[in-house]
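Q: Below is the structure I would like to discuss, written out as structure tokens.
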There are 2 protein chains.
Amino acid sequence: MKQWVSLMRDYGWELSTAVVLFHEAIARRLGLNAAEHKALGLIVRSGPMPTGTLAPELGVGPTAVTGIVDRLARAGYVRREPDPTDRRRVLLVADESAVPDLSGIFADLGREMTAFMAAYDEREMAAIVDYIENTIRVLRAQTVKLADPDPS
Amino acid sequence: MKQWVSLMRDYGWELSTAVVLFHEAIARRLGLNAAEHKALGLIVRSGPMPTGTLAPELGVGPTAVTGIVDRLARAGYVRREPDPTDRRRVLLVADESAVPDLSGIFADLGREMTAFMAAYDEREMAAIVDYIENTIRVLRAQTVKLADPDPS
DNA sequence: CCTCATACTTCACGAGAATGAACTATCCAG
DNA sequence: CTGGATAGTTCATTCTCGTGAAGTATGAGG
């Protein structure tokens with residue numbers, strides 16, 4: 001069992017690198033820099049959100065968000081909509097239709113993932129899900145620890 | 001079996017996000033931007049390499065590498081050494097000793113990963129390794145496809 | 001040797017993006 | 001209704017970083 005440890009360490013590193021490079025490739029394909037890509041991801045996943053919510057998530061000041069959203073809006077990936085409940089606010093809504101060739105990439109990705117995962121039985125699948133869940137948990141914990149140098 | 005598919009899609013997204021945020025947190029902790037972090041990773045993993053090798057990997061011109069390496073060298077993460085076989089070249093060598101608090105993070109990460117992985121038996125472990133291998137393969141393939149918009 | 005190519009650096013410049021102050025519009029508490 | 005707080009934007013400024021041209025040093029072929 002001991003030999004798995006170093007093996008997994010290498011695999012973890014390679015997977016991590018592959019994920020990062022994949023993200024970078026997507027951003028480049030969309031013509032977005034890191035901050036814009038991150039912002040778009042947040043808007044797509046967390047649904048319509050006000051501008052102010054984005055600033056702390058991105059780690060930039062509120063003024064920078066205006067520029068980031070300007071570029072995303074100009075590219076057509078998001079649009080600004082007034083918040084009906086608070087007219088000071090501007091809700092950022094992802095424009096799904098404006099991601100032309102990327103849907104093909106994600107479709108390919110999903111198809112290929114599904115293809116090789118079809119070979120797993122229930123117990124193997126459960127183990128994989130467990131592995132992923134725990135990896136996410138551990139990564140998040142270490143990320144928090146990295147952001148907070150002095151946990152007093 | 002069908003319900004796994006959408007479940008895995010969400011997990012894939014979350015894992016991917018966690019990995020990216022972890023990388024960003026490391027870079028910030030080291031005081032490095034994306035290019036510098038990427039360069040350091042390449043030097044650490046692929047051993048001593050000449051400056052010129054880095055430029056295409058980072059997607060920048062050779063002149064930019066000088067600045068990137070300057071910052072890495074000033075921070076103490078790498079040092080320049082003359083190539084004994086070709087005195088025009090400058091070899092970039094990672095300085096392992098200059099990563100103080102980060103070794104603790106990686107030690108924690110490895111320990112926690114090892115901890116929950118101890119519960120898997122051989123067959124489960126094999127499934128997980130297979131999953132990781134295939135995911136890496138698929139991600140790399142899609143990354144290439146993204147970089148090359150017109151595969152003629 | 002002499003010439004040309006290669007490896008890296010230096011420098012001046014320019015593009016991109018984040019910042020803080022100031023401004024407008026809106027909400028809310030008293 | 002009035003004063004103060006909040007949401008977002010605009011503007012001028014500043015900073016970072018990559019580029020291209022030019023310079024230095026070294027290697028390789030005739």
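Letters A, B, ... go to the chains of the structure tokens in the order shown; residues in each chain start at 1; ligands are counted from 1 in the same order.
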Find the residues around stretch 16-30 of chain C up to 12 Å (only C-alpha atoms (C1' of nucleotides) counted), leave out those fewer than 5 positions away in its own chain, and share them as a PyMOL selection string.

A: (chain A and resi 33-36+59-68+71+83+85-90) or (chain D and resi 1-18)

Q: Starting from chain C, keep only residues with some atom at most 12 Å from an atom of chain B, counting only C-alpha atoms (C1' of nucleotides), and report them as an mmCIF file with C-alpha atoms (C1' of nucleotides), in the first residue's frame.

A:
```
data_model
loop_
_atom_site.group_PDB
_atom_site.id
_atom_site.type_symbol
_atom_site.label_atom_id
_atom_site.label_comp_id
_atom_site.auth_asym_id
_atom_site.auth_seq_id
_atom_site.Cartn_x
_atom_site.Cartn_y
_atom_site.Cartn_z
ATOM 1 C "C1'" DT C 6 22.758 31.640 -31.049
ATOM 2 C "C1'" DA C 7 21.830 32.885 -25.887
ATOM 3 C "C1'" DC C 8 20.883 36.245 -22.991
ATOM 4 C "C1'" DT C 9 20.605 40.996 -21.428
ATOM 5 C "C1'" DT C 10 19.644 46.047 -21.435
ATOM 6 C "C1'" DC C 11 16.871 49.852 -22.638
#
```

Q: Once chain B sits on chain A after a least-squares Cα superposition, all atoms in order, what's the RMSD?

A: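 In short, the RMSD is 0.1 Å.
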
Q: Would you mind listing, as a PyMOL selection string, all residues of chain D that have at least one atom within 12 Å of chain B, where only C-alpha atoms (C1' of nucleotides) are what counts?

A: chain D and resi 16-21+24-28

Q: Please identify which residues in stretch 3-124 of chain A DSSP calls alpha helix (DSSP H) from the backbone, and express them as number ranges by chain.

A: A: 3-30, 34-46, 51-58, 62-74, 102-117, 122-124

Q: One decimal, Å: what's the distance from atom CA of B:Ser46 over to atom CA of B:Leu58, could you say?

A: 13.8 Å

Q: I need the residues in stretch 1-81 of chain B that are strand (DSSP E) according to DSSP; give them as number ranges by chain.

A: B: 49-50, 78-81
